[in-house]
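Novice: Contents of entry.cif (mmCIF, C-alpha atoms) are below:
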```cif
data_target
#
loop_
_atom_site.label_atom_id
_atom_site.label_comp_id
_atom_site.auth_asym_id
_atom_site.auth_seq_id
_atom_site.Cartn_x
_atom_site.Cartn_y
_atom_site.Cartn_z
CA MET A 15 -13.18 10.64 -22.52
CA SER A 16 -9.56 9.95 -21.98
CA GLU A 17 -7.39 8.49 -19.27
CA VAL A 18 -7.69 10.18 -15.91
CA ILE A 19 -4.44 11.41 -14.43
CA LEU A 20 -4.61 10.38 -10.80
CA ASP A 21 -2.75 11.74 -7.82
CA ASP A 22 -2.89 11.42 -4.05
CA SER A 23 -5.47 14.21 -3.84
CA ASN A 24 -8.01 13.05 -6.42
CA PHE A 25 -7.69 9.31 -5.90
CA GLU A 26 -10.53 9.16 -3.38
CA SER A 27 -13.04 10.98 -5.59
CA GLU A 28 -11.99 9.55 -8.96
CA VAL A 29 -11.41 5.94 -7.95
CA ILE A 30 -12.73 5.01 -4.51
CA LYS A 31 -16.01 6.89 -4.85
CA SER A 32 -16.50 6.20 -8.55
CA ASP A 33 -19.71 4.39 -9.49
CA LYS A 34 -17.84 2.70 -12.34
CA VAL A 35 -15.23 -0.01 -12.52
CA VAL A 36 -11.86 1.77 -12.52
CA LEU A 37 -8.59 0.39 -13.86
CA VAL A 38 -5.52 2.12 -12.47
CA ASP A 39 -2.10 1.79 -14.09
CA PHE A 40 0.57 2.48 -11.45
CA PHE A 41 3.73 3.47 -13.28
CA ALA A 42 6.93 5.50 -13.10
CA THR A 43 8.69 7.40 -15.84
CA TRP A 44 11.99 5.56 -15.24
CA CYS A 45 10.45 2.11 -15.58
CA GLY A 46 10.95 0.48 -18.99
CA PRO A 47 8.12 -2.06 -18.88
CA CYS A 48 5.78 0.74 -17.74
CA ARG A 49 6.53 2.64 -20.91
CA MET A 50 5.50 -0.44 -22.84
CA GLN A 51 2.38 -0.86 -20.73
CA GLY A 52 1.26 2.75 -21.24
CA PRO A 53 0.19 2.52 -24.90
CA ILE A 54 -1.66 -0.76 -24.22
CA VAL A 55 -3.69 0.90 -21.45
CA GLU A 56 -4.42 3.83 -23.77
CA GLU A 57 -5.86 1.42 -26.35
CA ILE A 58 -8.05 -0.15 -23.68
CA GLU A 59 -9.39 3.25 -22.78
CA LYS A 60 -10.44 3.81 -26.38
CA GLU A 61 -12.04 0.40 -26.69
CA ILE A 62 -13.87 0.17 -23.40
CA GLY A 63 -15.78 3.41 -23.88
CA ASP A 64 -18.19 4.31 -21.07
CA LYS A 65 -18.20 0.89 -19.46
CA ALA A 66 -15.22 1.62 -17.21
CA LYS A 67 -12.90 4.39 -16.19
CA ILE A 68 -9.20 4.15 -16.95
CA GLY A 69 -6.66 6.04 -14.87
CA LYS A 70 -2.94 6.21 -14.42
CA MET A 71 -0.82 7.25 -11.50
CA ASP A 72 2.85 8.17 -11.41
CA ILE A 73 3.91 6.52 -8.16
CA ASP A 74 6.94 8.78 -7.76
CA GLY A 75 4.89 11.87 -7.08
CA ASN A 76 2.17 10.05 -5.17
CA PRO A 77 3.73 7.93 -2.45
CA VAL A 78 0.65 7.86 -0.20
CA THR A 79 -1.57 5.92 -2.57
CA ALA A 80 1.25 3.70 -3.81
CA GLN A 81 2.11 2.79 -0.24
CA LYS A 82 -1.51 2.19 0.69
CA PHE A 83 -1.90 -0.41 -2.03
CA GLY A 84 1.51 -1.95 -1.39
CA ILE A 85 2.95 -1.25 -4.82
CA MET A 86 6.40 -2.86 -4.69
CA SER A 87 6.95 -3.68 -8.33
CA ILE A 88 5.80 -1.84 -11.41
CA PRO A 89 3.93 -1.79 -13.64
CA THR A 90 1.10 -2.81 -11.32
CA ILE A 91 -2.48 -2.56 -12.47
CA ILE A 92 -5.34 -2.62 -9.98
CA ILE A 93 -8.99 -2.84 -10.93
CA PHE A 94 -11.37 -1.21 -8.45
CA LYS A 95 -15.10 -1.58 -8.02
CA GLY A 96 -17.18 0.04 -5.32
CA GLY A 97 -14.05 1.37 -3.65
CA GLN A 98 -12.51 -2.07 -3.36
CA ALA A 99 -9.31 -3.23 -5.06
CA LEU A 100 -10.67 -6.41 -6.63
CA LYS A 101 -7.89 -7.46 -8.95
CA THR A 102 -4.15 -6.76 -8.82
CA LEU A 103 -1.93 -7.57 -11.80
CA VAL A 104 1.84 -7.20 -11.46
CA GLY A 105 4.07 -6.98 -14.52
CA LEU A 106 3.38 -6.21 -18.17
CA GLN A 107 -0.16 -7.18 -19.22
CA ASP A 108 -1.55 -7.62 -22.72
CA LYS A 109 -4.69 -5.95 -23.97
CA GLN A 110 -6.88 -9.03 -23.95
CA THR A 111 -6.04 -9.93 -20.36
CA LEU A 112 -6.96 -6.44 -19.18
CA LEU A 113 -10.17 -6.32 -21.23
CA ASP A 114 -11.18 -9.74 -19.88
CA GLU A 115 -10.53 -8.67 -16.29
CA ILE A 116 -12.55 -5.47 -16.71
CA ASN A 117 -15.39 -7.30 -18.40
CA LYS A 118 -15.57 -9.79 -15.53
CA LEU A 119 -16.32 -6.91 -13.18
CA VAL A 120 -18.59 -4.56 -15.14
CA MET B 8 -11.55 -23.06 -40.44
CA GLU B 9 -9.22 -23.93 -37.62
CA ASN B 10 -7.03 -21.09 -36.43
CA ILE B 11 -3.49 -22.29 -36.86
CA TYR B 12 -0.31 -20.25 -36.83
CA ASP B 13 2.61 -20.88 -39.14
CA VAL B 14 4.97 -20.03 -36.31
CA ILE B 15 4.72 -19.27 -32.61
CA ILE B 16 7.69 -17.45 -31.16
CA VAL B 17 8.28 -17.82 -27.42
CA GLY B 18 10.04 -14.73 -26.07
CA ALA B 19 10.27 -11.11 -27.15
CA GLY B 20 13.88 -10.07 -26.70
CA PRO B 21 16.34 -9.42 -29.53
CA ALA B 22 16.09 -12.99 -30.86
CA GLY B 23 12.31 -13.29 -30.62
CA LEU B 24 11.50 -9.87 -32.06
CA THR B 25 13.91 -10.36 -34.96
CA SER B 26 12.38 -13.78 -35.63
CA ALA B 27 8.96 -12.15 -35.61
CA VAL B 28 9.94 -9.52 -38.17
CA TYR B 29 11.53 -12.11 -40.45
CA SER B 30 8.55 -14.47 -40.12
CA ALA B 31 6.02 -11.76 -40.87
CA ARG B 32 8.01 -10.58 -43.87
CA ARG B 33 7.79 -14.15 -45.17
CA GLN B 34 3.99 -13.84 -44.86
CA MET B 35 3.90 -16.37 -42.07
CA LYS B 36 0.97 -16.14 -39.66
CA THR B 37 2.98 -15.25 -36.57
CA LEU B 38 2.23 -15.10 -32.86
CA VAL B 39 4.71 -13.95 -30.23
CA ILE B 40 4.10 -15.18 -26.69
CA ALA B 41 6.22 -13.55 -24.01
CA LYS B 42 6.07 -12.53 -20.37
CA SER B 43 7.63 -9.17 -21.09
CA LEU B 44 9.15 -7.16 -23.90
CA GLY B 45 12.76 -6.53 -24.77
CA GLY B 46 14.30 -9.13 -22.49
CA GLN B 47 17.54 -8.41 -20.68
CA ALA B 48 18.56 -6.05 -23.49
CA ALA B 49 15.82 -3.60 -22.51
CA LEU B 50 17.46 -3.22 -19.09
CA ALA B 51 20.89 -2.31 -20.45
CA ASN B 52 21.73 1.27 -19.65
CA GLU B 53 23.74 1.77 -22.78
CA VAL B 54 24.34 -0.41 -25.80
CA GLU B 55 27.48 0.53 -27.65
CA ASN B 56 27.92 -2.54 -29.82
CA TRP B 57 24.77 -2.61 -31.91
CA PRO B 58 26.19 -2.14 -35.42
CA GLY B 59 25.34 1.12 -37.10
CA ILE B 60 24.38 2.88 -33.88
CA GLU B 61 27.14 4.33 -31.79
CA ASN B 62 25.23 4.52 -28.56
CA ILE B 63 21.62 3.80 -27.60
CA SER B 64 19.82 2.82 -24.42
CA GLY B 65 18.78 -0.82 -24.35
CA PHE B 66 15.22 0.23 -23.76
CA GLU B 67 15.11 2.51 -26.77
CA LEU B 68 16.73 -0.11 -28.99
CA MET B 69 14.20 -2.74 -27.97
CA ASN B 70 11.36 -0.27 -28.37
CA ASN B 71 12.54 0.20 -31.96
CA PHE B 72 12.46 -3.58 -32.44
CA LYS B 73 8.90 -3.63 -31.10
CA ALA B 74 7.79 -0.71 -33.26
CA GLN B 75 9.08 -2.52 -36.32
CA ALA B 76 7.12 -5.62 -35.31
CA ASP B 77 3.99 -3.53 -34.74
CA LYS B 78 4.24 -2.05 -38.23
CA LEU B 79 3.97 -5.60 -39.54
CA LYS B 80 0.87 -6.10 -37.35
CA ILE B 81 2.41 -9.03 -35.50
CA GLU B 82 0.19 -10.50 -32.80
CA PHE B 83 1.48 -10.49 -29.21
CA ASN B 84 0.29 -12.40 -26.17
CA PHE B 85 1.85 -11.63 -22.78
CA ASN B 86 1.47 -14.91 -20.95
CA GLU B 87 3.70 -17.71 -19.82
CA VAL B 88 4.15 -20.78 -21.99
CA LEU B 89 3.74 -23.92 -19.89
CA ASN B 90 4.32 -26.64 -22.45
CA ILE B 91 4.58 -27.58 -26.10
CA SER B 92 3.19 -30.84 -27.37
CA LYS B 93 2.93 -32.54 -30.72
CA SER B 94 -0.47 -32.90 -32.36
CA GLY B 95 -0.14 -34.80 -35.61
CA ASP B 96 2.12 -32.71 -37.79
CA ASP B 97 1.48 -29.59 -35.73
CA PHE B 98 2.26 -28.34 -32.24
CA VAL B 99 0.02 -27.22 -29.42
CA VAL B 100 1.46 -24.40 -27.32
CA LYS B 101 -0.21 -24.14 -23.95
CA THR B 102 0.03 -20.99 -21.83
CA ASN B 103 -1.29 -20.29 -18.36
CA LYS B 104 -4.44 -19.03 -20.12
CA ASP B 105 -4.91 -20.44 -23.63
CA GLU B 106 -3.90 -23.04 -26.15
CA PHE B 107 -2.65 -22.27 -29.64
CA LYS B 108 -1.98 -24.49 -32.60
CA THR B 109 1.03 -23.89 -34.82
CA LYS B 110 3.02 -25.56 -37.56
CA SER B 111 6.39 -24.53 -36.12
CA VAL B 112 7.87 -23.05 -32.95
CA ILE B 113 10.82 -20.79 -32.25
CA LEU B 114 12.14 -20.81 -28.67
CA SER B 115 13.83 -17.50 -27.89
CA PHE B 116 13.00 -16.69 -24.28
CA GLY B 117 16.53 -15.81 -23.24
CA LEU B 118 17.81 -16.06 -19.72
CA THR B 119 15.95 -15.50 -16.47
CA PRO B 120 17.39 -14.28 -13.17
CA ARG B 121 18.35 -17.24 -11.05
CA ASP B 122 16.21 -17.85 -8.00
CA LEU B 123 17.80 -18.24 -4.58
CA GLY B 124 15.66 -21.27 -3.90
CA VAL B 125 15.02 -20.40 -0.26
CA PRO B 126 11.76 -20.57 1.69
CA GLY B 127 9.63 -17.44 1.32
CA GLU B 128 11.16 -16.35 -1.99
CA GLU B 129 8.34 -17.54 -4.25
CA LYS B 130 5.60 -16.21 -1.98
CA LEU B 131 7.17 -12.76 -1.65
CA LYS B 132 8.16 -12.21 -5.30
CA GLY B 133 7.03 -8.73 -6.24
CA ARG B 134 6.34 -8.07 -2.56
CA GLY B 135 9.85 -7.10 -1.61
CA VAL B 136 11.75 -9.83 -3.42
CA THR B 137 13.00 -8.43 -6.71
CA TYR B 138 15.47 -9.38 -9.40
CA CYS B 139 16.09 -5.99 -10.98
CA ALA B 140 17.54 -3.06 -9.07
CA ILE B 141 17.19 -0.72 -12.05
CA CYS B 142 13.47 -1.58 -12.34
CA ASP B 143 12.35 -1.61 -8.74
CA GLY B 144 15.12 0.26 -6.90
CA PRO B 145 13.36 3.62 -6.70
CA LEU B 146 10.46 1.98 -4.83
CA TYR B 147 12.83 1.45 -1.91
CA LYS B 148 13.82 5.04 -1.28
CA GLY B 149 14.87 5.47 2.34
CA LYS B 150 14.34 1.78 3.13
CA THR B 151 16.62 -1.04 4.20
CA VAL B 152 17.48 -3.67 1.62
CA ALA B 153 19.79 -6.61 1.02
CA VAL B 154 21.56 -7.36 -2.23
CA VAL B 155 22.38 -11.05 -2.59
CA GLY B 156 25.25 -12.14 -4.81
CA GLY B 157 28.97 -11.70 -5.37
CA GLY B 158 29.33 -10.86 -9.06
CA ASN B 159 29.55 -7.61 -11.00
CA SER B 160 25.79 -7.24 -11.19
CA ALA B 161 25.43 -7.64 -7.42
CA LEU B 162 28.03 -4.98 -6.72
CA GLU B 163 26.59 -2.61 -9.29
CA SER B 164 23.14 -3.07 -7.76
CA ALA B 165 24.50 -2.46 -4.26
CA GLU B 166 26.18 0.73 -5.44
CA TYR B 167 23.00 1.89 -7.17
CA MET B 168 20.82 1.05 -4.17
CA SER B 169 23.15 2.88 -1.79
CA LYS B 170 22.05 6.12 -3.42
CA LEU B 171 18.38 5.36 -2.79
CA ALA B 172 18.09 3.17 0.28
CA LYS B 173 18.93 4.10 3.85
CA GLN B 174 20.95 0.92 4.42
CA VAL B 175 22.21 -1.76 2.03
CA TYR B 176 23.48 -5.17 3.13
CA LEU B 177 25.60 -6.90 0.52
CA LEU B 178 25.50 -10.65 1.19
CA SER B 179 28.10 -13.01 -0.18
CA ASN B 180 28.50 -16.73 0.51
CA SER B 181 32.28 -16.47 0.85
CA ASP B 182 34.84 -13.74 1.42
CA LYS B 183 35.54 -13.46 -2.29
CA PHE B 184 33.71 -11.49 -4.93
CA GLY B 185 33.73 -12.51 -8.57
CA ALA B 186 33.67 -8.89 -9.62
CA ASP B 187 36.03 -6.28 -11.05
CA PRO B 188 38.49 -5.06 -8.39
CA ILE B 189 37.57 -1.44 -9.03
CA LEU B 190 33.93 -2.19 -8.24
CA ILE B 191 34.81 -4.07 -5.04
CA GLU B 192 36.96 -1.21 -3.85
CA GLY B 193 34.26 1.31 -4.66
CA VAL B 194 31.56 -0.56 -2.79
CA GLN B 195 33.72 -1.00 0.31
CA LYS B 196 34.09 2.76 0.57
CA ILE B 197 30.38 3.51 0.54
CA GLU B 198 29.17 4.27 4.04
CA ASN B 199 25.67 2.85 3.94
CA ILE B 200 26.73 -0.46 2.41
CA GLU B 201 27.56 -3.16 4.91
CA VAL B 202 29.48 -5.93 3.16
CA MET B 203 28.60 -9.24 4.83
CA CYS B 204 30.95 -12.07 3.86
CA PHE B 205 30.22 -15.73 4.66
CA SER B 206 26.56 -14.82 4.79
CA GLN B 207 24.19 -17.20 3.13
CA ILE B 208 20.54 -16.32 2.98
CA LYS B 209 18.42 -19.13 4.41
CA GLU B 210 14.92 -17.77 4.48
CA ILE B 211 12.89 -14.71 3.57
CA LYS B 212 10.18 -13.91 6.05
CA GLY B 213 7.09 -11.77 5.84
CA GLU B 214 3.31 -11.96 5.81
CA ASN B 215 2.24 -9.74 2.89
CA LYS B 216 5.62 -8.23 2.21
CA VAL B 217 9.24 -8.85 3.09
CA GLU B 218 9.91 -8.17 6.77
CA SER B 219 13.19 -9.96 7.49
CA ILE B 220 15.75 -12.48 6.30
CA VAL B 221 17.58 -15.26 8.06
CA VAL B 222 21.29 -15.37 7.30
CA ALA B 223 23.67 -18.19 8.21
CA ASP B 224 27.43 -18.68 8.03
CA PRO B 225 28.03 -21.45 5.46
CA ARG B 226 31.05 -22.62 7.48
CA ASP B 227 28.96 -23.09 10.59
CA GLU B 228 25.22 -23.06 10.03
CA SER B 229 24.41 -22.93 13.71
CA LYS B 230 25.51 -19.30 13.64
CA ASN B 231 22.59 -17.53 12.13
CA LYS B 232 20.88 -14.23 12.60
CA GLU B 233 17.75 -12.45 11.49
CA ILE B 234 17.94 -9.05 9.77
CA LYS B 235 14.92 -6.77 9.56
CA LEU B 236 14.54 -5.15 6.14
CA ASP B 237 12.10 -4.13 3.40
CA GLY B 238 13.56 -5.55 0.23
CA VAL B 239 15.74 -8.36 -1.09
CA PHE B 240 17.49 -7.76 -4.41
CA VAL B 241 18.53 -11.08 -5.87
CA GLU B 242 21.58 -10.92 -8.13
CA ALA B 243 22.49 -14.56 -8.37
CA GLY B 244 23.18 -14.63 -12.09
CA HIS B 245 20.99 -15.83 -14.93
CA GLN B 246 19.89 -19.19 -16.23
CA ALA B 247 17.94 -20.67 -19.10
CA LYS B 248 14.61 -21.67 -17.52
CA THR B 249 14.03 -24.80 -19.54
CA GLY B 250 12.76 -27.32 -17.00
CA TRP B 251 9.40 -27.29 -18.80
CA LEU B 252 11.09 -28.39 -22.06
CA LYS B 253 12.62 -31.60 -20.67
CA GLY B 254 11.58 -34.41 -23.00
CA THR B 255 10.52 -31.93 -25.70
CA VAL B 256 13.98 -30.83 -26.89
CA ASP B 257 17.50 -31.81 -25.89
CA LEU B 258 19.17 -29.62 -23.26
CA ASN B 259 22.82 -29.42 -22.25
CA ASP B 260 24.09 -29.71 -18.69
CA LYS B 261 23.53 -25.97 -18.13
CA GLY B 262 19.91 -26.37 -19.18
CA GLU B 263 20.48 -24.53 -22.45
CA ILE B 264 18.67 -25.72 -25.58
CA VAL B 265 20.99 -27.69 -27.82
CA THR B 266 20.91 -26.33 -31.38
CA ASN B 267 22.86 -26.96 -34.54
CA ARG B 268 24.25 -24.13 -36.64
CA ASP B 269 20.89 -23.79 -38.39
CA CYS B 270 19.00 -23.18 -35.15
CA GLU B 271 17.36 -26.59 -35.27
CA THR B 272 16.66 -28.39 -31.99
CA SER B 273 16.42 -32.14 -31.52
CA SER B 274 12.72 -31.92 -32.37
CA PRO B 275 11.93 -31.19 -36.05
CA GLY B 276 9.73 -28.11 -36.37
CA ILE B 277 11.00 -26.59 -33.13
CA PHE B 278 13.78 -24.06 -33.61
CA ALA B 279 15.66 -22.02 -31.04
CA ALA B 280 17.67 -18.81 -31.03
CA GLY B 281 19.46 -16.45 -28.70
CA ASP B 282 20.60 -16.67 -25.09
CA CYS B 283 18.40 -19.66 -24.17
CA THR B 284 20.39 -21.84 -26.56
CA ASP B 285 23.86 -23.31 -26.22
CA THR B 286 25.29 -20.48 -28.31
CA ILE B 287 28.61 -19.51 -26.79
CA TYR B 288 28.18 -15.73 -26.81
CA LYS B 289 25.23 -13.97 -25.22
CA GLN B 290 25.08 -10.76 -27.23
CA ILE B 291 22.24 -8.67 -28.67
CA VAL B 292 23.54 -8.76 -32.23
CA ILE B 293 24.22 -12.49 -32.09
CA ALA B 294 20.78 -13.25 -30.65
CA SER B 295 19.21 -11.13 -33.38
CA GLY B 296 21.18 -12.89 -36.10
CA GLU B 297 20.22 -16.29 -34.75
CA GLY B 298 16.61 -15.13 -34.52
CA ALA B 299 16.62 -14.23 -38.20
CA LYS B 300 18.14 -17.59 -39.04
CA ALA B 301 15.58 -19.48 -36.97
CA ALA B 302 12.72 -17.67 -38.71
CA LEU B 303 14.07 -18.46 -42.16
CA GLN B 304 14.53 -22.09 -41.14
CA ALA B 305 11.00 -22.23 -39.74
CA TYR B 306 9.72 -20.77 -43.00
CA LYS B 307 11.59 -23.40 -44.96
CA TYR B 308 10.19 -26.11 -42.71
CA VAL B 309 6.59 -24.91 -43.04
CA VAL B 310 6.82 -24.52 -46.80
CA ALA B 311 8.35 -27.98 -47.16
CA LYS B 312 5.56 -29.48 -45.04
CA ALA B 313 3.02 -27.88 -47.34
CA GLY B 314 4.63 -29.64 -50.26
CA GLY B 315 6.81 -26.87 -51.61
CA TYR B 316 10.51 -26.51 -51.52
CA MET B 317 12.74 -23.50 -51.75
CA LYS B 318 15.01 -22.72 -54.60
CA PRO B 319 18.47 -21.96 -53.26
CA ASP B 320 18.27 -18.33 -54.25
CA TRP B 321 20.10 -16.93 -51.27
CA GLY B 322 17.44 -15.09 -49.45
CA LYS B 323 14.47 -14.56 -51.71
CA CYS B 324 12.96 -17.86 -50.65
CA LYS B 325 10.38 -18.13 -53.44
CA THR B 326 8.82 -21.54 -53.71
CA VAL B 327 9.04 -23.15 -57.09
CA ASN B 328 5.95 -25.29 -57.08
CA GLY B 329 3.35 -23.29 -55.29
CA GLY B 330 4.12 -24.49 -51.80
CA GLU B 331 3.52 -21.02 -50.51
CA GLU B 332 0.07 -20.96 -52.13
CA LYS B 333 -0.90 -24.26 -50.57
CA MET B 334 0.33 -23.03 -47.25
CA LYS B 335 -2.05 -20.10 -47.30
CA LEU B 336 -5.06 -22.15 -48.39
CA GLN B 337 -4.97 -24.51 -45.41
#
```
Would you write out, as structure tokens, the structure that this file holds?
Specialist:
Amino acid sequence: MSEVILDDSNFESEVIKSDKVVLVDFFATWCGPCRMQGPIVEEIEKEIGDKAKIGKMDIDGNPVTAQKFGIMSIPTIIIFKGGQALKTLVGLQDKQTLLDEINKLV
Amino acid sequence: MENIYDVIIVGAGPAGLTSAVYSARRQMKTLVIAKSLGGQAALANEVENWPGIENISGFELMNNFKAQADKLKIEFNFNEVLNISKSGDDFVVKTNKDEFKTKSVILSFGLTPRDLGVPGEEKLKGRGVTYCAICDGPLYKGKTVAVVGGGNSALESAEYMSKLAKQVYLLSNSDKFGADPILIEGVQKIENIEVMCFSQIKEIKGENKVESIVVADPRDESKNKEIKLDGVFVEAGHQAKTGWLKGTVDLNDKGEIVTNRDCETSSPGIFAAGDCTDTIYKQIVIASGEGAKAALQAYKYVVAKAGGYMKPDWGKCKTVNGGEEKMKLQ
């Protein structure tokens, strides 16, 4: 498995209706800290295996979802479970913090 | 065996990342704790004064710093350091999440955007209150925003935001701007920028996100008005956020960490480098140089504590009586 590329059209099926815990990395290509966050999220995806789903969404092309979750600063990471946004983390996050937050919810 | 670092570096800008590379190359067990990577340098559009490279984006330059640190397998922790205390010969560094023990500390957390210090600001940070137009600007496409400040960075932000936002209010406390005349002239010509002189921001209002601001005339505070908007871009300069270090190391009247020419602070074992210190020039190359110096000094300190001393061999730093060996065995 690898990271799921999310957009406004597949967000509902991939995230909201997922039976797994889903971590979504909201980013933009012009955002420096996001480019540092990206590789960290990729590592998480490799480590977490089947326990959770890891997705990323470019907020520039997908304003509907970004607006819905009130993304006003990036990178923002939201962890979803059962269709609910249970944890929102704003700013650059390290690997351990993200793994801990996922493990709290799975 | 207790997990103890040789050095903990607070901050990951030019000074911190250079310190990290120098520490790791001295075989020191190194941990970098920082809230973000690259510091202010990573936000610079273009860096044209990094020796050996004619022109590079700040982000790319700092990414190179980080890649070099990663090659040396340096440990990173992205949390906020809350305090540093002494524990026998060692230090305990406490973050918002964990506690770490270390033999030495390097403070290199640079400068932080200055807060406005008005009601609502803290609550709405990241919810419409932002300190970086380049970072968050594109999230305000077609919206109404205020830029607060009167310096070059405020005017540059206003100009940048005018291309994205529907309406930009530029708020200044007086009728003077401390910016380059060419910038002031430029901004005044832009149609969707409304320059508001004698306009001091008093409060930021909003439930879950910024909804409005209250602005008063500093000459007569009874004259105030409320402006509806979506974002507040704070450009009130930068400061060394060192309140948490009061009593730990000496600070000057600007809040900068007082250091001597060898990057030593008033507290033995705690070193400091870069823009958070009282160094007179805030420059990438100077911060990096000071970072290297701080790491070498920390190395010397740790080796001396372990009973070794360094031969003055200008850079090779070999111990002459096995201090390095002892250091590793602990």
Novice: How close does range 28-60 of chain A get to range 74-86 of chain B? List, as a Markdown table, each residue of range 28-60 of chain A within 12 Å, its nearest atom pair and the distance in Å to one decimal, counting only C-alpha atoms.
Specialist:
```
| residue | atom | partner | partner_atom | distance |
| --- | --- | --- | --- | --- |
| A:Met50 | CA | B:Ala74 | CA | 10.7 |
| A:Gln51 | CA | B:Phe85 | CA | 11.0 |
| A:Pro53 | CA | B:Ala74 | CA | 11.8 |
| A:Ile54 | CA | B:Phe83 | CA | 11.4 |
```
Novice: Suppose a student applies the PyMOL selection byres ((chain A) within 6 of (chain B)) to this structure; what residues should they get, written as a list in words?
Specialist: Cys45, Met86, Ser87, Leu106 and Asp108 of chain A
Novice: Using the chain letters and numbers from this file, what does the PyMOL selection byres ((chain B and resi 159) around 10) select? Give the answer as a VMD selection string.
Specialist: chain B and resid 156 to 158 160 to 165 184 to 188 190 to 191 242 244
Novice: How would the residues just picked look written out with C-alpha atoms as a short mmCIF file (atom, residue, chain, number, x, y, z; two decimals), keeping the file's coordinate frame?
Specialist:
```
data_model
loop_
_atom_site.label_atom_id
_atom_site.label_comp_id
_atom_site.auth_asym_id
_atom_site.auth_seq_id
_atom_site.Cartn_x
_atom_site.Cartn_y
_atom_site.Cartn_z
CA GLY B 156 25.25 -12.14 -4.81
CA GLY B 157 28.97 -11.70 -5.37
CA GLY B 158 29.33 -10.86 -9.06
CA SER B 160 25.79 -7.24 -11.19
CA ALA B 161 25.43 -7.64 -7.42
CA LEU B 162 28.03 -4.98 -6.72
CA GLU B 163 26.59 -2.61 -9.29
CA SER B 164 23.14 -3.07 -7.76
CA ALA B 165 24.50 -2.46 -4.26
CA PHE B 184 33.71 -11.49 -4.93
CA GLY B 185 33.73 -12.51 -8.57
CA ALA B 186 33.67 -8.89 -9.62
CA ASP B 187 36.03 -6.28 -11.05
CA PRO B 188 38.49 -5.06 -8.39
CA LEU B 190 33.93 -2.19 -8.24
CA ILE B 191 34.81 -4.07 -5.04
CA GLU B 242 21.58 -10.92 -8.13
CA GLY B 244 23.18 -14.63 -12.09
#
```
Novice: Could you state the separation of CA of Glu106 in chain B and CA of Ile58 in chain A in Å, given to one decimal place?
Specialist: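 Separation of CA of Glu106 in chain B and CA of Ile58 in chain A: 23.4 Å.
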Novice: Which residue gives the smallest distance to Pro89 in chain A among A:Leu103, A:Cys48, A:Val55, A:Ile116, with all atoms listed in the file counted?
Specialist: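 Of A:Leu103, A:Cys48, A:Val55, A:Ile116, the one nearest Pro89 in chain A, counting all atoms listed in the file, is A:Cys48.
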Novice: If I take CA of Ala247 in chain B and CA of Gly117 in chain B, how far is one from the other in Å, to one decimal?
Specialist: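 So the two atoms, CA of Ala247 in chain B and CA of Gly117 in chain B, lie 6.5 Å apart.
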Novice: Determine the residue set returned by the PyMOL selection byres ((chain B and resi 245) around 8) for the present structure, and present it as a count of residues only.
Specialist: 8
Novice: For each of B:Val175, B:Val310, B:Ile60, B:Ala280, take the minimum atom-to-atom distance to Ser115 in chain B, counting only C-alpha atoms, then give the residue where this is smallest.
Specialist: B:Ala280
Novice: Neighbourhood query: residues within 7 Å of (1.6, -3.5, -13.4), file coordinates, counting only C-alpha atoms; return as an mmCIF file with C-alpha atoms, in the coordinates of the input.
Specialist:
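Below you can see selection.cif, which holds the result:
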```cif
data_model
loop_
_atom_site.group_PDB
_atom_site.id
_atom_site.type_symbol
_atom_site.label_atom_id
_atom_site.label_comp_id
_atom_site.auth_asym_id
_atom_site.auth_seq_id
_atom_site.Cartn_x
_atom_site.Cartn_y
_atom_site.Cartn_z
ATOM 1 C CA ASP A 39 -2.100 1.790 -14.090
ATOM 2 C CA PHE A 40 0.570 2.480 -11.450
ATOM 3 C CA ILE A 88 5.800 -1.840 -11.410
ATOM 4 C CA PRO A 89 3.930 -1.790 -13.640
ATOM 5 C CA THR A 90 1.100 -2.810 -11.320
ATOM 6 C CA ILE A 91 -2.480 -2.560 -12.470
ATOM 7 C CA LEU A 103 -1.930 -7.570 -11.800
ATOM 8 C CA VAL A 104 1.840 -7.200 -11.460
ATOM 9 C CA GLY A 105 4.070 -6.980 -14.520
ATOM 10 C CA LEU A 106 3.380 -6.210 -18.170
#
```
Novice: Could you check which of B:Lys101, B:Lys170, B:Lys209, B:Lys307 is closest to Arg33 in chain B, using all atoms listed in the file?
Specialist: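 Of all the options, B:Lys307 lies closest to Arg33 in chain B.
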Novice: Go through A:Asp114, A:Asp22, A:Glu28, A:Glu61 one by one, measure the shortest atom-to-atom distance of each to Lys82 in chain A using all atoms listed in the file, and give the residue with the smallest value.
Specialist: A:Asp22
Novice: List as a list in words the residues having at least one atom at most 10 Å from position (-8.7, 11.1, -26.6) as given in the file, counting all atoms listed in the file.
Specialist: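 The requested residues, written out, are Met15, Ser16, Glu17, Glu56, Glu59 and Lys60 of chain A.
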Novice: Give the centre and edge lengths of an axis-aligned box, in Å to one decimal, that holds all listed atoms of range 236-247 of chain B with 8 Å on each side, as JSON.
Specialist:
```
{"center_x": 17.6, "center_y": -12.4, "center_z": -6.5, "size_x": 27.1, "size_y": 32.5, "size_z": 41.2}
```
Novice: Quick one, how far is CA of Pro77 in chain A from CA of Lys148 in chain B?
Specialist: 10.6 Å
